[in-house]
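**Student:** To be precise about what I am sending: the file is called final.txt and holds compact mmCIF, C-alpha atoms.
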# COMPACT_ATOMS: atom_id res chain seq x y z
CA MET A 1 -17.97 7.77 10.99
CA LYS A 2 -15.62 7.75 13.98
CA TYR A 3 -11.91 7.83 13.09
CA VAL A 4 -12.75 9.27 9.67
CA ASP A 5 -14.79 12.47 10.09
CA GLU A 6 -12.52 14.10 12.69
CA TYR A 7 -9.56 13.53 10.37
CA ARG A 8 -11.32 15.40 7.56
CA ASP A 9 -12.26 18.35 9.76
CA ALA A 10 -11.77 21.63 7.90
CA GLU A 11 -10.85 23.65 11.01
CA SER A 12 -8.11 21.17 12.03
CA VAL A 13 -6.81 21.25 8.45
CA ARG A 14 -6.72 25.07 8.52
CA LEU A 15 -4.90 25.19 11.87
CA LEU A 16 -2.31 22.62 10.81
CA SER A 17 -1.71 24.44 7.54
CA GLU A 18 -1.20 27.71 9.46
CA LYS A 19 1.27 26.03 11.81
CA ILE A 20 3.30 24.61 8.94
CA ASN A 21 3.38 28.04 7.30
CA SER A 22 4.49 29.66 10.56
CA ILE A 23 7.49 27.36 11.25
CA ILE A 24 8.98 26.94 7.80
CA THR A 25 12.08 28.97 6.91
CA ARG A 26 13.68 26.98 4.07
CA ASN A 27 12.87 24.85 1.04
CA TRP A 28 12.17 21.20 1.77
CA ASN A 29 11.28 18.22 -0.45
CA VAL A 30 9.06 15.67 1.24
CA MET A 31 8.13 12.31 -0.30
CA GLU A 32 4.89 10.57 0.59
CA ILE A 33 5.58 6.90 -0.03
CA CYS A 34 2.09 5.54 -0.46
CA GLY A 35 -0.13 6.09 -3.47
CA GLY A 36 -3.14 6.25 -1.14
CA GLN A 37 -1.55 9.33 0.43
CA THR A 38 -0.90 10.79 -3.05
CA HIS A 39 -4.62 10.47 -3.78
CA THR A 40 -5.58 12.25 -0.54
CA ILE A 41 -3.12 15.05 -1.37
CA LEU A 42 -4.60 15.54 -4.86
CA LYS A 43 -8.23 14.97 -3.89
CA TYR A 44 -8.19 17.51 -1.03
CA ARG A 45 -5.84 19.91 -2.84
CA ILE A 46 -3.44 19.81 0.09
CA GLU A 47 -0.59 21.36 -1.91
CA GLU A 48 -2.63 24.59 -2.12
CA LEU A 49 -2.60 24.76 1.69
CA LEU A 50 1.17 24.43 1.96
CA PRO A 51 3.83 27.14 1.87
CA PRO A 52 5.70 27.39 -1.46
CA GLN A 53 8.87 26.13 0.27
CA ILE A 54 7.43 22.59 0.45
CA THR A 55 7.64 20.37 -2.62
CA LEU A 56 5.78 17.09 -2.35
CA ILE A 57 7.36 14.21 -4.25
CA HIS A 58 5.13 11.25 -4.95
CA GLY A 59 6.66 7.90 -4.06
CA PRO A 60 6.59 4.38 -5.53
CA GLY A 61 3.91 3.11 -3.14
CA CYS A 62 1.65 1.49 -5.69
CA PRO A 63 2.12 -2.31 -5.80
CA VAL A 64 0.09 -2.62 -8.99
CA CYS A 65 2.38 -0.07 -10.67
CA VAL A 66 5.64 -1.77 -9.73
CA THR A 67 4.62 -5.36 -10.53
CA PRO A 68 7.10 -6.36 -13.25
CA ILE A 69 5.72 -6.64 -16.77
CA GLU A 70 7.06 -10.23 -17.04
CA MET A 71 4.75 -11.26 -14.18
CA ILE A 72 1.77 -9.69 -15.92
CA ASP A 73 2.70 -11.53 -19.11
CA LYS A 74 2.89 -14.76 -17.10
CA ALA A 75 -0.53 -14.11 -15.55
CA ILE A 76 -2.00 -13.51 -19.03
CA LEU A 77 -0.52 -16.76 -20.37
CA LEU A 78 -1.93 -18.67 -17.39
CA ALA A 79 -5.35 -17.03 -17.80
CA LEU A 80 -5.51 -18.24 -21.41
CA ARG A 81 -5.09 -21.91 -20.42
CA PRO A 82 -8.44 -23.73 -20.47
CA ASP A 83 -7.76 -25.61 -17.22
CA ILE A 84 -7.04 -22.44 -15.20
CA ILE A 85 -9.12 -19.73 -13.51
CA LEU A 86 -6.91 -16.73 -12.81
CA VAL A 87 -8.06 -14.53 -9.92
CA SER A 88 -6.70 -11.18 -8.76
CA TYR A 89 -7.58 -7.78 -7.34
CA GLY A 90 -9.48 -5.50 -9.71
CA ASP A 91 -6.65 -3.06 -10.37
CA MET A 92 -4.42 -5.81 -11.75
CA LEU A 93 -6.82 -6.70 -14.55
CA ARG A 94 -6.18 -3.56 -16.59
CA VAL A 95 -2.45 -3.16 -16.07
CA PRO A 96 -0.74 -3.35 -19.46
CA GLY A 97 1.52 -6.31 -20.12
CA SER A 98 3.71 -6.48 -23.23
CA ASN A 99 0.85 -6.95 -25.68
CA SER A 100 -2.38 -6.98 -23.72
CA ASP A 101 -3.87 -7.08 -20.24
CA LEU A 102 -5.88 -9.58 -18.20
CA LEU A 103 -9.23 -8.10 -19.25
CA GLU A 104 -8.28 -8.63 -22.87
CA ALA A 105 -7.30 -12.21 -22.00
CA LYS A 106 -10.79 -12.58 -20.53
CA SER A 107 -12.39 -11.26 -23.71
CA LYS A 108 -10.39 -13.85 -25.68
CA GLY A 109 -11.97 -16.61 -23.58
CA GLY A 110 -9.55 -16.67 -20.66
CA ASN A 111 -11.16 -17.35 -17.32
CA VAL A 112 -10.32 -14.28 -15.21
CA LYS A 113 -12.13 -13.36 -12.01
CA MET A 114 -11.81 -10.27 -9.85
CA ILE A 115 -11.74 -10.78 -6.08
CA TYR A 116 -12.05 -8.41 -3.12
CA SER A 117 -10.49 -10.61 -0.47
CA PRO A 118 -7.90 -13.38 -0.85
CA LEU A 119 -10.32 -15.76 0.88
CA ASP A 120 -12.54 -15.41 -2.22
CA ALA A 121 -9.78 -17.24 -4.11
CA ILE A 122 -10.07 -20.15 -1.69
CA LYS A 123 -13.87 -20.22 -2.13
CA ILE A 124 -13.49 -20.25 -5.92
CA ALA A 125 -11.04 -23.16 -5.62
CA GLU A 126 -13.54 -25.12 -3.49
CA GLN A 127 -16.40 -24.38 -5.89
CA ASN A 128 -14.41 -25.42 -8.98
CA PRO A 129 -12.65 -28.69 -8.12
CA ASP A 130 -12.16 -29.50 -11.83
CA LYS A 131 -10.20 -26.27 -12.44
CA LYS A 132 -6.85 -25.01 -11.24
CA ILE A 133 -7.16 -21.66 -9.47
CA VAL A 134 -4.18 -19.30 -9.72
CA PHE A 135 -4.25 -16.27 -7.43
CA PHE A 136 -2.08 -13.47 -8.84
CA ALA A 137 -0.94 -12.18 -5.45
CA VAL A 138 0.57 -8.72 -5.48
CA GLY A 139 0.96 -6.16 -2.76
CA PHE A 140 3.14 -4.57 -0.15
CA GLU A 141 3.53 -5.72 3.46
CA THR A 142 -0.07 -4.57 4.13
CA THR A 143 -1.52 -7.33 1.94
CA ALA A 144 1.13 -10.00 2.57
CA PRO A 145 -0.45 -11.57 5.71
CA ALA A 146 -3.87 -11.94 4.04
CA ASN A 147 -2.32 -13.41 0.90
CA ALA A 148 -0.08 -15.72 2.96
CA PHE A 149 -3.13 -16.87 4.90
CA THR A 150 -4.62 -18.43 1.75
CA ILE A 151 -1.76 -20.92 1.64
CA PHE A 152 -2.51 -21.93 5.23
CA GLU A 153 -6.19 -22.22 4.38
CA ALA A 154 -5.54 -24.24 1.21
CA GLU A 155 -3.44 -26.65 3.26
CA ARG A 156 -5.99 -26.85 6.09
CA ARG A 157 -8.84 -27.51 3.65
CA GLY A 158 -6.77 -30.03 1.66
CA LEU A 159 -7.14 -28.09 -1.61
CA LYS A 160 -5.03 -29.53 -4.43
CA ASN A 161 -6.21 -27.04 -7.07
CA TYR A 162 -5.05 -23.76 -5.48
CA PHE A 163 -1.86 -21.97 -6.58
CA MET A 164 -0.29 -18.55 -6.15
CA LEU A 165 1.58 -16.41 -8.65
CA CYS A 166 3.43 -14.31 -6.11
CA SER A 167 4.85 -10.86 -6.83
CA HIS A 168 5.09 -9.29 -3.39
CA VAL A 169 7.32 -6.31 -2.67
CA LEU A 170 8.74 -4.69 0.46
CA VAL A 171 8.88 -0.95 1.11
CA PRO A 172 12.08 -0.27 3.15
CA PRO A 173 14.53 -1.58 0.48
CA ALA A 174 12.84 0.68 -2.12
CA ILE A 175 13.16 3.70 0.19
CA GLU A 176 16.85 2.92 0.60
CA ILE A 177 17.38 2.73 -3.19
CA LEU A 178 15.75 6.17 -3.60
CA LEU A 179 17.77 7.72 -0.76
CA LYS A 180 21.03 6.18 -2.04
CA SER A 181 20.53 7.47 -5.58
CA GLU A 182 22.72 10.34 -6.85
CA LYS A 183 19.51 11.98 -8.03
CA ASN A 184 18.04 11.92 -4.53
CA SER A 185 16.57 15.25 -3.46
CA ILE A 186 14.31 13.95 -0.67
CA ASN A 187 14.70 15.74 2.67
CA GLY A 188 11.96 14.00 4.62
CA ILE A 189 9.56 11.09 4.21
CA LEU A 190 5.97 10.28 5.14
CA THR A 191 6.08 6.50 5.42
CA ALA A 192 3.11 4.36 4.47
CA GLY A 193 0.74 4.00 7.43
CA HIS A 194 -0.81 0.66 6.60
CA VAL A 195 2.49 -1.02 5.73
CA CYS A 196 3.62 0.02 9.22
CA THR A 197 0.33 -1.18 10.76
CA VAL A 198 1.51 -4.68 9.84
CA MET A 199 5.29 -4.34 10.13
CA GLY A 200 5.75 -1.61 12.75
CA TYR A 201 8.43 1.01 12.17
CA GLU A 202 11.61 -0.42 13.69
CA GLU A 203 13.06 -1.08 10.19
CA TYR A 204 12.95 2.64 9.41
CA ILE A 205 15.01 3.76 12.42
CA PRO A 206 18.43 2.81 10.95
CA LEU A 207 17.37 4.22 7.53
CA ALA A 208 16.46 7.62 9.01
CA GLU A 209 19.79 7.74 10.83
CA LYS A 210 21.95 6.50 7.95
CA TYR A 211 20.49 8.89 5.38
CA LYS A 212 19.84 11.75 7.82
CA THR A 213 16.23 11.85 6.70
CA PRO A 214 13.35 12.29 9.14
CA MET A 215 10.54 9.77 8.63
CA VAL A 216 7.02 10.07 9.99
CA VAL A 217 4.61 7.14 9.89
CA THR A 218 1.51 8.83 8.48
CA GLY A 219 -2.16 8.01 7.95
CA PHE A 220 -4.38 8.72 4.97
CA GLU A 221 -6.86 11.45 5.84
CA PRO A 222 -6.16 15.18 5.27
CA VAL A 223 -5.52 15.84 8.98
CA ASP A 224 -3.11 12.88 9.02
CA ILE A 225 -1.16 14.14 6.01
CA LEU A 226 -0.88 17.69 7.37
CA SER A 227 0.08 16.44 10.85
CA GLY A 228 2.72 14.19 9.29
CA LEU A 229 4.05 17.10 7.24
CA LEU A 230 4.13 19.36 10.31
CA MET A 231 6.15 16.71 12.19
CA VAL A 232 8.60 16.27 9.28
CA ILE A 233 9.06 20.02 8.74
CA TYR A 234 9.50 20.57 12.48
CA GLN A 235 12.29 17.96 12.51
CA LEU A 236 13.93 19.39 9.40
CA GLU A 237 13.85 22.95 10.74
CA ASN A 238 15.46 21.70 13.97
CA GLY A 239 18.09 19.53 12.28
CA ASN A 240 16.63 16.24 13.49
CA CYS A 241 16.30 12.93 11.66
CA PHE A 242 14.39 10.33 13.61
CA VAL A 243 11.29 8.22 13.14
CA GLU A 244 8.00 9.48 14.56
CA ASN A 245 4.53 7.99 14.49
CA GLN A 246 1.66 10.23 13.46
CA TYR A 247 -0.64 7.23 12.90
CA GLY A 248 -0.54 5.89 16.47
CA ARG A 249 -4.20 4.94 16.42
CA ALA A 250 -3.39 2.12 13.99
CA VAL A 251 0.39 1.61 14.21
CA ARG A 252 2.36 0.10 17.08
CA LYS A 253 6.16 0.24 17.04
CA GLU A 254 6.37 -3.57 16.68
CA GLY A 255 3.48 -3.80 14.19
CA ASN A 256 1.14 -6.79 14.46
CA ILE A 257 3.25 -9.74 15.60
CA HIS A 258 0.75 -12.38 14.42
CA SER A 259 0.66 -10.91 10.91
CA LYS A 260 4.44 -10.71 10.80
CA LYS A 261 4.64 -14.36 11.84
CA ILE A 262 2.40 -15.63 9.05
CA ILE A 263 4.42 -13.62 6.52
CA SER A 264 7.66 -15.24 7.69
CA ASP A 265 6.04 -18.70 7.92
CA VAL A 266 4.90 -18.66 4.27
CA PHE A 267 7.25 -16.28 2.47
CA GLU A 268 10.97 -15.61 2.33
CA ILE A 269 12.82 -12.51 1.19
CA THR A 270 14.12 -12.46 -2.38
CA ASP A 271 15.52 -9.99 -4.91
CA ARG A 272 12.68 -8.47 -6.92
CA LYS A 273 12.45 -6.36 -10.07
CA TRP A 274 10.26 -3.26 -9.68
CA ARG A 275 8.62 -2.07 -12.89
CA GLY A 276 10.08 1.29 -13.85
CA ILE A 277 12.80 1.13 -11.21
CA GLY A 278 14.72 -2.09 -11.85
CA LEU A 279 16.07 -4.88 -9.65
CA ILE A 280 16.10 -4.01 -5.94
CA PRO A 281 18.01 -6.52 -3.82
CA GLN A 282 16.05 -8.20 -1.02
CA SER A 283 12.92 -6.21 -1.87
CA GLY A 284 10.45 -9.00 -2.57
CA LEU A 285 8.71 -11.95 -1.00
CA LYS A 286 8.53 -15.40 -2.57
CA ILE A 287 6.81 -18.59 -1.44
CA LYS A 288 9.04 -20.73 0.80
CA SER A 289 10.23 -24.03 -0.68
CA LYS A 290 8.15 -26.07 1.80
CA TYR A 291 5.08 -24.60 0.10
CA SER A 292 6.46 -24.81 -3.45
CA HIS A 293 3.54 -27.08 -4.47
CA TYR A 294 1.40 -23.92 -4.27
CA ASP A 295 3.85 -21.78 -6.27
CA ALA A 296 2.41 -21.23 -9.78
CA GLU A 297 5.83 -20.28 -11.17
CA ILE A 298 7.16 -23.70 -10.15
CA VAL A 299 4.07 -25.83 -10.85
CA PHE A 300 3.27 -24.41 -14.29
CA ASN A 301 5.84 -24.11 -17.01
CA ILE A 302 5.31 -20.49 -18.03
CA ASP A 303 7.59 -19.37 -20.79
CA THR A 304 7.60 -15.63 -21.39
CA THR A 305 10.25 -14.67 -23.86
CA GLY A 306 11.07 -11.00 -23.91
CA PHE A 307 8.79 -8.16 -22.97
CA ASP A 308 7.99 -4.79 -24.31
CA GLU A 309 7.37 -1.52 -22.44
CA SER A 310 5.67 1.51 -24.03
CA ASP A 311 8.26 3.87 -25.58
CA ILE A 312 6.63 7.12 -24.49
CA CYS A 313 5.32 6.29 -21.00
CA ILE A 314 7.56 7.75 -18.23
CA ALA A 315 6.08 5.63 -15.41
CA GLY A 316 9.56 4.72 -14.16
CA GLU A 317 10.60 8.32 -13.53
CA ILE A 318 7.22 9.07 -11.97
CA LEU A 319 7.54 6.09 -9.62
CA GLN A 320 10.98 7.30 -8.53
CA GLY A 321 9.65 10.79 -7.87
CA LEU A 322 11.88 12.29 -10.58
CA LYS A 323 9.00 13.54 -12.74
CA LYS A 324 5.32 14.34 -12.28
CA PRO A 325 2.48 13.03 -14.45
CA GLY A 326 2.09 16.38 -16.23
CA ASP A 327 5.69 16.04 -17.51
CA CYS A 328 4.66 13.02 -19.61
CA PRO A 329 3.89 13.79 -23.28
CA ALA A 330 1.24 11.05 -23.33
CA PHE A 331 -0.65 12.23 -20.19
CA ARG A 332 -4.34 12.85 -21.01
CA LYS A 333 -3.51 12.27 -24.71
CA GLU A 334 -2.54 8.71 -25.68
CA CYS A 335 -2.74 7.70 -22.01
CA THR A 336 -6.03 7.86 -20.08
CA PRO A 337 -7.66 5.58 -17.48
CA GLU A 338 -9.70 4.07 -20.34
CA ILE A 339 -6.61 3.30 -22.45
CA PRO A 340 -3.67 3.34 -20.05
CA LEU A 341 -0.11 3.09 -21.36
CA GLY A 342 1.37 2.64 -17.89
CA ALA A 343 0.26 1.13 -14.62
CA PRO A 344 0.19 4.44 -12.64
CA MET A 345 -2.75 5.50 -14.84
CA VAL A 346 -4.65 2.30 -13.97
CA SER A 347 -4.30 1.85 -10.28
CA ALA A 348 -6.40 3.67 -7.73
CA GLU A 349 -3.06 4.43 -6.10
CA GLY A 350 -1.15 5.49 -9.19
CA ALA A 351 0.06 9.10 -9.34
CA CYS A 352 -1.09 9.50 -12.97
CA SER A 353 -4.61 8.36 -12.10
CA ALA A 354 -4.69 10.83 -9.16
CA TYR A 355 -3.61 13.73 -11.41
CA TYR A 356 -6.09 12.67 -14.09
CA ARG A 357 -8.97 12.57 -11.62
CA TYR A 358 -8.22 15.62 -9.50
CA THR A 359 -6.39 18.16 -11.67
CA LYS A 360 -7.40 19.99 -14.80
CA MET B 1 -3.87 -1.61 -2.81
CA CYS B 2 -3.08 -0.61 0.77
CA LEU B 3 -6.50 0.94 1.30
CA ALA B 4 -7.81 0.07 4.74
CA LEU B 5 -10.89 1.44 6.48
CA PRO B 6 -11.96 1.67 10.11
CA GLY B 7 -15.10 -0.15 11.20
CA LYS B 8 -16.88 -1.04 14.44
CA VAL B 9 -17.09 -4.66 15.60
CA ILE B 10 -20.72 -5.68 16.18
CA SER B 11 -20.27 -9.43 16.80
CA ILE B 12 -17.43 -11.95 16.99
CA ASP B 13 -17.45 -15.60 15.91
CA GLU B 14 -14.67 -17.67 17.45
CA SER B 15 -16.19 -21.09 16.66
CA ASN B 16 -13.38 -21.88 14.21
CA PRO B 17 -10.05 -21.37 16.00
CA ASN B 18 -8.26 -21.21 12.63
CA LEU B 19 -10.53 -18.57 11.16
CA LYS B 20 -11.83 -16.11 13.72
CA THR B 21 -14.30 -13.73 12.11
CA ALA B 22 -16.34 -10.68 13.11
CA LYS B 23 -19.20 -8.68 11.70
CA VAL B 24 -17.93 -5.14 11.22
CA ASN B 25 -20.01 -2.05 10.54
CA PHE B 26 -18.51 0.43 8.08
CA ASN B 27 -20.76 3.47 8.25
CA GLY B 28 -23.90 1.35 7.90
CA VAL B 29 -22.53 -1.41 5.68
CA VAL B 30 -21.90 -4.64 7.61
CA LYS B 31 -19.25 -7.06 6.37
CA ASP B 32 -17.62 -10.28 7.53
CA VAL B 33 -14.01 -9.66 8.45
CA THR B 34 -11.26 -12.12 9.41
CA VAL B 35 -9.95 -11.07 12.83
CA GLN B 36 -7.54 -13.97 13.32
CA TRP B 37 -4.62 -11.73 14.30
CA ILE B 38 -6.35 -9.35 16.72
CA ASP B 39 -5.84 -10.09 20.42
CA ASP B 40 -8.49 -9.32 23.06
CA LEU B 41 -11.06 -8.14 20.56
CA LYS B 42 -14.39 -7.03 22.04
CA VAL B 43 -17.72 -5.97 20.56
CA GLY B 44 -17.62 -2.19 20.23
CA ASP B 45 -13.91 -2.07 19.36
CA TYR B 46 -12.86 -0.41 16.12
CA VAL B 47 -10.58 -2.29 13.73
CA ILE B 48 -8.77 -1.17 10.59
CA VAL B 49 -9.67 -3.52 7.73
CA HIS B 50 -7.82 -4.35 4.49
CA VAL B 51 -9.01 -6.92 1.86
CA GLY B 52 -11.37 -8.47 4.42
CA PHE B 53 -8.76 -8.84 7.17
CA ALA B 54 -8.41 -6.72 10.31
CA LEU B 55 -4.85 -5.35 10.45
CA ASN B 56 -5.05 -3.95 13.98
CA LYS B 57 -7.38 -2.64 16.62
CA ILE B 58 -7.70 1.15 16.66
CA ASP B 59 -6.25 2.55 19.86
CA GLU B 60 -8.34 5.42 21.19
CA LYS B 61 -5.67 6.46 23.72
CA GLU B 62 -3.03 6.64 21.00
CA ALA B 63 -5.33 8.67 18.80
CA ILE B 64 -5.64 11.25 21.60
CA GLU B 65 -1.92 11.05 22.37
CA THR B 66 -1.02 11.89 18.76
CA PHE B 67 -3.06 15.09 18.94
CA ARG B 68 -1.49 15.93 22.32
CA ILE B 69 2.02 15.59 20.85
CA ILE B 70 1.14 17.76 17.87
CA ASN B 71 -0.38 20.45 20.13
CA GLU B 72 2.65 20.37 22.37
CA MET B 73 5.01 20.62 19.41
CA VAL B 74 3.16 23.58 18.01
CA ASP B 75 3.24 25.35 21.42
CA LEU B 76 6.98 24.69 21.68
CA THR B 77 7.46 26.19 18.25
CA LYS B 78 5.57 29.27 19.32
CA ARG B 79 7.79 29.69 22.39
CA GLU B 80 10.97 29.24 20.35
CA GLY B 81 9.67 31.74 17.86
CA GLY B 82 9.22 34.21 20.73
CA GLU B 83 5.53 34.68 20.13
Take the structure in the file and write it out as structure tokens.

**Tutor:**
Amino acid sequence: MKYVDEYRDAESVRLLSEKINSIITRNWNVMEICGGQTHTILKYRIEELLPPQITLIHGPGCPVCVTPIEMIDKAILLALRPDIILVSYGDMLRVPGSNSDLLEAKSKGGNVKMIYSPLDAIKIAEQNPDKKIVFFAVGFETTAPANAFTIFEAERRGLKNYFMLCSHVLVPPAIEILLKSEKNSINGILTAGHVCTVMGYEEYIPLAEKYKTPMVVTGFEPVDILSGLLMVIYQLENGNCFVENQYGRAVRKEGNIHSKKIISDVFEITDRKWRGIGLIPQSGLKIKSKYSHYDAEIVFNIDTTGFDESDICIAGEILQGLKKPGDCPAFRKECTPEIPLGAPMVSAEGACSAYYRYTK
Amino acid sequence: MCLALPGKVISIDESNPNLKTAKVNFNGVVKDVTVQWIDDLKVGDYVIVHVGFALNKIDEKEAIETFRIINEMVDLTKREGGE
């Protein structure tokens, strides 16, 4: 497959790894933001190809993992109502809430459906006029235009039974929180390629300057990751801190202007709690008031009182890059993909799931 | 969640101006993709697709340019290193 095979080429990987080894003179910590990149790193054993001076820190780029537990509890309560069909992406169904998850709600008679595309939610709403369809919409900037589009489509098709439980998050404010922290040890960053495909990378330029941290927009194949690392290490070794684009085949500086427009037409920026990290100002998207008749939090009176996180799971520290999955006492013991204690063990982008699948 | 895959456009349907779609071939599997936000899309173009929506067209020139920059950077490093 074009644009895949050449980025998995073993010879290119070997050459890039040699180049990184030949230019490095000091210790550097590099964070890959996106969980998709974490999976590539684990799956292709990229750390084994790197000099010992490089430490990779896995970032919080897993929307499923950072969706606040209160929102999952709300989704579960909605799913248990007989008049509602709750729809969401597959990963969300097994993320633990306070007492259960959406799959368990389904087994108790809740109507829960997994979708692959947000337009499936619109189809389900059209096919079930006697039910209320609530789309549990999570994601980063990558997914925001597609999710926003459903509100346009619901309006265009005159649907009165379509609603959204919106828990969208934004990447740059989370990067800033990590870089601002006293515990910060990140020297350079691989930013999330598909977030930047939508948004472009202009937002990262002031961050790179302010925190003197080089940032390279990076793709998801092994050649992408190693090229991104080579670009970051080259900047670090030369005392530079600007934004570069390794993923030029998909990312333009300005992003996709049409996608950005639909995001700003439907959503507005709000403060958002990130599971495991806490409240991050201006880091979320919520439905604009002119579309509040689609906002499930406003339309339905959902009362969640209190919530309860697992005592032993260290997902928060893992999401902040402070610890690795192997540091968790529950890893591979009480916590497995079959019985996950924390969201990073569930999601295909979670660091714990990557370590479980690809390490011994 | 941010998984997106490249695929080749094999036909485009612009009959609904509010919901432009295309058939896209992903290594033999053909799927309907919303291409509402892609300007100047042509059959044969590659797009990068996430949850059934094309995020952007893949830019062949930029793909080559990225490799050129990396090669140049590596050569520069060699010269600085006195090799």

**Student:** Could you work out how far CA of Gly326 in chain A lies from CA of Tyr44 in chain A, giving the answer in Å with one decimal?

**Tutor:**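 Computing the Euclidean distance for CA of Tyr44 in chain A and CA of Gly326 in chain A yields 18.4 Å.
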
**Student:** If you count all atoms listed in the file, which residues fall within 6 Å of Val198 in chain A, apart from same-chain ones fewer than 5 positions away, as an MDAnalysis selection string?

**Tutor:** chainID A and resid 142 255:256

**Student:** Find the residue from A:Gly59, A:Gly350, A:Pro206, A:Pro68 that sits nearest to chain B; use all atoms listed in the file when measuring.

**Tutor:**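 With all atoms listed in the file as the atom set, the closest residue is A:Gly350.
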
**Student:** Please identify all residues of chain B having at least one atom at most 7 Å from any atom of chain A, considering all atoms listed in the file, and return them as a list of chain:residue names.

**Tutor:**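 Written out as asked, the residues are B:Met1, B:Cys2, B:Leu3, B:Pro6, B:Asn27, B:Trp37, B:Val51, B:Gly52, B:Phe53, B:Leu55, B:Asn56, B:Lys57, B:Ile58, B:Asp59, B:Glu60, B:Glu62, B:Ala63, B:Thr66, B:Val74.
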
**Student:** Create the file for the chosen residues now, containing C-alpha atoms and written as a compact mmCIF listing (two decimals), in the frame of the given file.

**Tutor:**
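In the end it all went to result11.txt:
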# COMPACT_ATOMS: atom_id res chain seq x y z
CA MET B 1 -3.87 -1.61 -2.81
CA CYS B 2 -3.08 -0.61 0.77
CA LEU B 3 -6.50 0.94 1.30
CA PRO B 6 -11.96 1.67 10.11
CA ASN B 27 -20.76 3.47 8.25
CA TRP B 37 -4.62 -11.73 14.30
CA VAL B 51 -9.01 -6.92 1.86
CA GLY B 52 -11.37 -8.47 4.42
CA PHE B 53 -8.76 -8.84 7.17
CA LEU B 55 -4.85 -5.35 10.45
CA ASN B 56 -5.05 -3.95 13.98
CA LYS B 57 -7.38 -2.64 16.62
CA ILE B 58 -7.70 1.15 16.66
CA ASP B 59 -6.25 2.55 19.86
CA GLU B 60 -8.34 5.42 21.19
CA GLU B 62 -3.03 6.64 21.00
CA ALA B 63 -5.33 8.67 18.80
CA THR B 66 -1.02 11.89 18.76
CA VAL B 74 3.16 23.58 18.01

**Student:** For Leu5 in chain B, list every protein, DNA or RNA residue within 9 Å, evaluated using only C-alpha atoms, and leave out those in the same chain fewer than 2 positions away; present the list as a ChimeraX atom specification.

**Tutor:** /A:4 /B:3,7,26,47-50

**Student:** To one decimal in Å, tell me the separation between CA of His39 in chain A and CA of Ala351 in chain A.

**Tutor:** 7.4 Å

**Student:** Set the distance at 7 Å and use only C-alpha atoms: which residues neighbour range 263-268 of chain A once local chain neighbours fewer than 5 positions away are removed? I'd like the list as a list of chain:residue names.

**Tutor:**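 Within the cut-off, the hits are A:Ala144, A:Pro145, A:Ala148, A:Leu285, A:Lys286, A:Ile287, A:Lys288.
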
**Student:** Which residue, A:Gly316, A:Lys323, A:Val169, A:Val216, has the smallest gap to Ile280 in chain A when you use all atoms listed in the file?

**Tutor:**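 Selected residue with least distance to Ile280 in chain A: A:Val169.
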
**Student:** Using all atoms listed in the file, which residue out of A:Leu42, A:Leu341, A:Ala121, A:Leu56 lies closest to Val232 in chain A?

**Tutor:**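 Distance minimum relative to Val232 in chain A lands on A:Leu56.
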
**Student:** Calculated over only C-alpha atoms, which of the candidates B:Lys61, B:Lys23, B:Lys31, B:Lys8 has the smallest distance to Gly44 in chain B?

**Tutor:**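 Between B:Lys61, B:Lys23, B:Lys31, B:Lys8, the residue approaching Gly44 in chain B most closely is B:Lys8.
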
**Student:** Within 12 Å of (-14.0, -12.3, 13.5) (file coordinates; all atoms listed in the file), which protein or nucleic acid residues are there? I'd like them as a PyMOL selection string.

**Tutor:** chain B and resi 8-24+31-43+45+47+49+52-55

**Student:** Could you tell me how far CA of Asp303 in chain A lies from CA of Ser98 in chain A, in Å and to one decimal?

**Tutor:** 13.7 Å

**Student:** Let me make sure I understand: among A:Val171, A:Pro222, A:Val112, A:Gly158, which one has the smallest atom-to-atom distance to Met199 in chain A if we use all atoms listed in the file?

**Tutor:**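 Closest to Met199 in chain A of all the choices is A:Val171.
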
**Student:** Neighbouring residues of Ile302 in chain A were defined as those with any atom within 8 Å, considering all atoms listed in the file; residues of the same chain fewer than 3 positions away were excluded. Please report them as a ChimeraX atom specification.

**Tutor:** /A:74,77-78,297

**Student:** Just checking: using all atoms listed in the file, which residue out of A:Asn111, A:Ser310, A:Thr150, A:Ser88 ends up closest to Phe135 in chain A?

**Tutor:**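 Looking at the shortest contact to Phe135 in chain A, the residue is A:Ser88.
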
**Student:** Report, as lines of an AutoDock Vina configuration file, the axis-aligned box around all atoms of range 8-26 of chain B present in the file, extended by 5 Å on each side; give centre and edge lengths in Å to one decimal place.

**Tutor:**
center_x = -14.5
center_y = -10.7
center_z = 12.8
size_x = 22.5
size_y = 32.3
size_z = 19.4
